[in-house]
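The next block holds one structure in the form of structure tokens; read it before the comments.
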There are 2 protein chains.
Amino acid sequence: MAALKPSPFAPACFPDLPAVRGVKLAGGPARVRYAGRDDVMLAEIAAGASVAGVFTRSRTRAAPVLWCEARLAARRGGAVASGPLCFAANSGNANAFTGANGADDARRMAEAAGAAVGAPAASTFVASTGVIGEPLPVARIEAALGAIAETRAEGAWERAARAIMTTDTFPKAAGRTVALDGVEVRIAGFAKGSGMIAPDMATMLAFAFTDAAIAEPLLQRLLAESVDRSFNAITVDGDTSTSDTLLLAATGASGAAEIASDDDPRLPAFREALDAVLLDLAQLVVKDGEGASKFVAITVTGAETAQAARRIGLSIANSPLVKTALAGEDPNWGRIVMAVGKSGEAADRDRLEIRFGDILVAEKGWVAPAYREEDGAAYMKRAELEILVDVGVGAARATVWTCDLTHAYIDINADYRS
Amino acid sequence: MAALKPSPFAPACFPDLPAVRGVKLAGGPARVRYAGRDDVMLAEIAAGASVAGVFTRSRTRAAPVLWCEARLAARRGGAVASGPLCFAANSGNANAFTGANGADDARRMAEAAGAAVGAPAASTFVASTGVIGEPLPVARIEAALGAIAETRAEGAWERAARAIMTTDTFPKAAGRTVALDGVEVRIAGFAKGSGMIAPDMATMLAFAFTDAAIAEPLLQRLLAESVDRSFNAITVDGDTSTSDTLLLAATGASGAAEIASDDDPRLPAFREALDAVLLDLAQLVVKDGEGASKFVAITVTGAETAQAARRIGLSIANSPLVKTALAGEDPNWGRIVMAVGKSGEAADRDRLEIRFGDILVAEKGWVAPAYREEDGAAYMKRAELEILVDVGVGAARATVWTCDLTHAYIDINADYRS
């Protein structure tokens, strides 16, 4: 497959992120599928950290996802092993649809990665992304982990972020620093997105870390809620991988006292920073969407519930007719009406209002009297677009982010595997 | 916009269909949007006929859809006017998202079409397809209907089928003849599909007729059930228009005694013929799908319910990753696993079985030992493909039909409106 054209939304440089205290990162080569690149990421997380995870809702979840879900369930049941935690991930092979051997390979990878940093396997979380249906070359990963672990260091964000890339055209990372009662707390993470090397799937992996101390049940709740406002509000093509994984660890190494309850006055500031980090990562995934030439924020207001607003937004964002119109810079608001209608959520056809940025396109169920097609067409030439839709039945709102559907998407995904 | 390339699946000629007794058809020009083409279809249906309809489930249904739903509801309430029935449709303008005026225009079109064939407006059903958000030029339709009605004749299938085309690359019609207790009964109809002239939407319209006599409540049930096995089992891009309309009239002019109950021994033969006509029409719509280069039948077996099987099939059929792989002739079964998983329906990952035609690709949750990638690749070069997926949890099955996602789809839909 030919080299991918870099996304027009690639940041000028890798962000300058502070180290999260208590977290050591490494990336290195294990030749999982290709030589000459880092393809294993390893994170050692200080003993006593809490951990949370969210995963694909696919019914055909890959073996590493099932491994992680079982480890989290055991911790919730009280089985928290002593010693550090470990996150490990590889690119090049998803260990998905690999039958019963897949579970063995995920366990072996966890045992080896944990051993490399002194963590028990029960505290080690693994993720794999890449080709599916082929056995994971776990022996090569086991052989490489020792040398990779030796290079681990605080703040090695870029090496770690690069090791999990597949057809991402740039490494993705984000971070925030926030003062909680005068104690500086750091949150940072990295992700890989929907880039795809055939026959990979559009797997999303993200690993985030904070040196705040957060009780594990609360950390899980915070993560789930924040994901609804970030990773669950983005879409490239509406497909769901077998392997999507987002892990978050809280080390407490900042020295800030533990946050254990919803009433903690420090919680809103922490939540805001966590939201910002995850939203940055999620938006970077969309901006590197396969073939993306437009980055589009769709805000739905006037819905019955926030969930309905998000569903309407995703119906618009996932519509091939809307996405091809965006690629063609066509201000085709009729397709937005169609996508609102097909969402199945309540909407008042005769109160529907549509805006492109500040341009009022439609109101009261018809094109706005002052709307001029040439204004819409000029707006659509921008690289970053805002579509605002009021469905006129309630007060709830949501924003989702997506990209357009271009010839490059088909080139990337129709390419015969080689 | 450039002329559309004909579909590779276009039939060699328009089918030779028998007239349905009691139905007179016409097509003619009203200059709704373009000159030099027929754009109004008119059908006069003999007095005493029964009628049934199914419509888009969109929450932003167009005015003609609301008109038809109200007429059917009134009939169900007992308000059946005497005199003939009438179906009328125009291409070029969808009368959708046209505010309160849209309802007036639909009523005016019904009144004029009914008057042209001697049918009361309450027995006249209208449909419109084309540009949305622009007022229907109903005066031009009113002015043209008289001359169009004069040309109405039994068996004028092709003229009627052509009048409702938008970017369809060929007219679509199908029919069957069936003997019910020795009396020959005919069923035939025509449809327009998902071709689209920007800024149209992918509206599906279909009109079917039979000279059997079927009680109206039973006719509605038969139609709804048959649609689940035909039009509701096809997908081009998963989008849902504001205007999808399927109308079925039964004139009784064959002389066959009325079928009024589910126990009638003639019902299975009639149902089979109706299914065949609607499935032919639905498959023609897919074969003329925008940019289609592959016609794909996806059969899901081993599901918990038929509905679950269809949902899994549609999840595969609507997946952009699957559709682009098909366009690229890539036997990418991993994406089928992904699409099964994202359907949300029960599936046993470790019993999943996938076949391309007769080729066993995957079984027991892993690639089949005898499967050779080159066999799958050779199979994918065919124009008509069969994908069979057993999800291993039950005994229910369903088949859905779709096409691939090609560059031509994007060309057609990203084109700026002119």
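Each chain of the structure tokens is named A, B, ... in the order shown, its residues numbered from 1; ligands are numbered from 1 in display order.
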
Show me, as a PyMOL selection string, the residues that have an atom within 6 Å of region 385-390 of chain B when counting only C-alpha atoms, minus same-chain residues fewer than 3 positions from it. chain B and resi 296-302+352-357

Take the residues that were just selected and, keeping N, CA and C atoms, output them as a PDB file, in the first residue's frame.
ATOM      1  N   VAL B 296     -24.679  -7.786  -4.003  1.00  0.00           N
ATOM      2  CA  VAL B 296     -24.268  -8.681  -2.932  1.00  0.00           C
ATOM      3  C   VAL B 296     -25.469  -9.169  -2.134  1.00  0.00           C
ATOM      4  N   ALA B 297     -25.611 -10.485  -2.027  1.00  0.00           N
ATOM      5  CA  ALA B 297     -26.639 -11.086  -1.170  1.00  0.00           C
ATOM      6  C   ALA B 297     -25.945 -11.551   0.110  1.00  0.00           C
ATOM      7  N   ILE B 298     -26.439 -11.089   1.247  1.00  0.00           N
ATOM      8  CA  ILE B 298     -25.856 -11.459   2.535  1.00  0.00           C
ATOM      9  C   ILE B 298     -26.894 -12.264   3.310  1.00  0.00           C
ATOM     10  N   THR B 299     -26.593 -13.518   3.560  1.00  0.00           N
ATOM     11  CA  THR B 299     -27.517 -14.375   4.288  1.00  0.00           C
ATOM     12  C   THR B 299     -26.947 -14.670   5.668  1.00  0.00           C
ATOM     13  N   VAL B 300     -27.737 -14.353   6.685  1.00  0.00           N
ATOM     14  CA  VAL B 300     -27.332 -14.608   8.058  1.00  0.00           C
ATOM     15  C   VAL B 300     -28.174 -15.754   8.592  1.00  0.00           C
ATOM     16  N   THR B 301     -27.531 -16.786   9.080  1.00  0.00           N
ATOM     17  CA  THR B 301     -28.231 -17.924   9.682  1.00  0.00           C
ATOM     18  C   THR B 301     -27.782 -18.061  11.137  1.00  0.00           C
ATOM     19  N   GLY B 302     -28.482 -18.951  11.857  1.00  0.00           N
ATOM     20  CA  GLY B 302     -28.064 -19.224  13.235  1.00  0.00           C
ATOM     21  C   GLY B 302     -28.318 -18.086  14.201  1.00  0.00           C
ATOM     22  N   LEU B 352     -18.715 -18.566  15.143  1.00  0.00           N
ATOM     23  CA  LEU B 352     -18.979 -17.811  13.922  1.00  0.00           C
ATOM     24  C   LEU B 352     -18.410 -18.542  12.704  1.00  0.00           C
ATOM     25  N   GLU B 353     -19.232 -18.597  11.645  1.00  0.00           N
ATOM     26  CA  GLU B 353     -18.822 -19.272  10.419  1.00  0.00           C
ATOM     27  C   GLU B 353     -19.098 -18.324   9.265  1.00  0.00           C
ATOM     28  N   ILE B 354     -18.157 -18.181   8.366  1.00  0.00           N
ATOM     29  CA  ILE B 354     -18.313 -17.259   7.233  1.00  0.00           C
ATOM     30  C   ILE B 354     -17.981 -18.000   5.945  1.00  0.00           C
ATOM     31  N   ARG B 355     -18.852 -17.840   4.946  1.00  0.00           N
ATOM     32  CA  ARG B 355     -18.596 -18.404   3.616  1.00  0.00           C
ATOM     33  C   ARG B 355     -18.733 -17.327   2.565  1.00  0.00           C
ATOM     34  N   PHE B 356     -17.882 -17.402   1.538  1.00  0.00           N
ATOM     35  CA  PHE B 356     -18.075 -16.640   0.315  1.00  0.00           C
ATOM     36  C   PHE B 356     -18.563 -17.641  -0.711  1.00  0.00           C
ATOM     37  N   GLY B 357     -19.862 -17.593  -1.071  1.00  0.00           N
ATOM     38  CA  GLY B 357     -20.390 -18.635  -1.948  1.00  0.00           C
ATOM     39  C   GLY B 357     -20.165 -19.985  -1.301  1.00  0.00           C
TER      40      GLY B 357
END

With a distance threshold of 8 Å and counting only C-alpha atoms, extract the residues of chain A near chain B and express them as a PyMOL selection string. chain A and resi 57-61+97-100+132-133+199-201+237-242+319-321+324-330+332+334-335+337-350+364-367+405-407+410+413-417

One decimal, in Å: what's the spacing between CA of Val185 (chain A) and CA of Pro265 (chain A)?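 Straight-line distance from CA of Val185 (chain A) to CA of Pro265 (chain A) works out to 14.9 Å.
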
For CA of Ala257 (chain A) and CA of Ser50 (chain A), quote the distance in Å rounded to one decimal. 13.7 Å

Among region 273-393 of chain A, which residues carry a DSSP assignment of alpha helix (DSSP H), reported as a PyMOL selection string? chain A and resi 273-287+306-318+320-327+333-342+373-380

For Leu85 (chain A), list every protein, DNA or RNA residue within 6 Å, evaluated using only C-alpha atoms, and leave out those in the same chain fewer than 2 positions away; present the list as a ChimeraX atom specification. /A:45,119,123-124

Residues of region 140-385 of chain B in strand (DSSP E), written as a PyMOL selection string: chain B and resi 172-180+183-192+205-210+234-235+245-250+295-303+353-356+359-363+366-367+384-385

Distance of CA of Phe231 (chain A) from CA of Gly392 (chain A), expressed in Å to one decimal place: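 Going from CA of Gly392 (chain A) over to CA of Phe231 (chain A) covers 26.4 Å.
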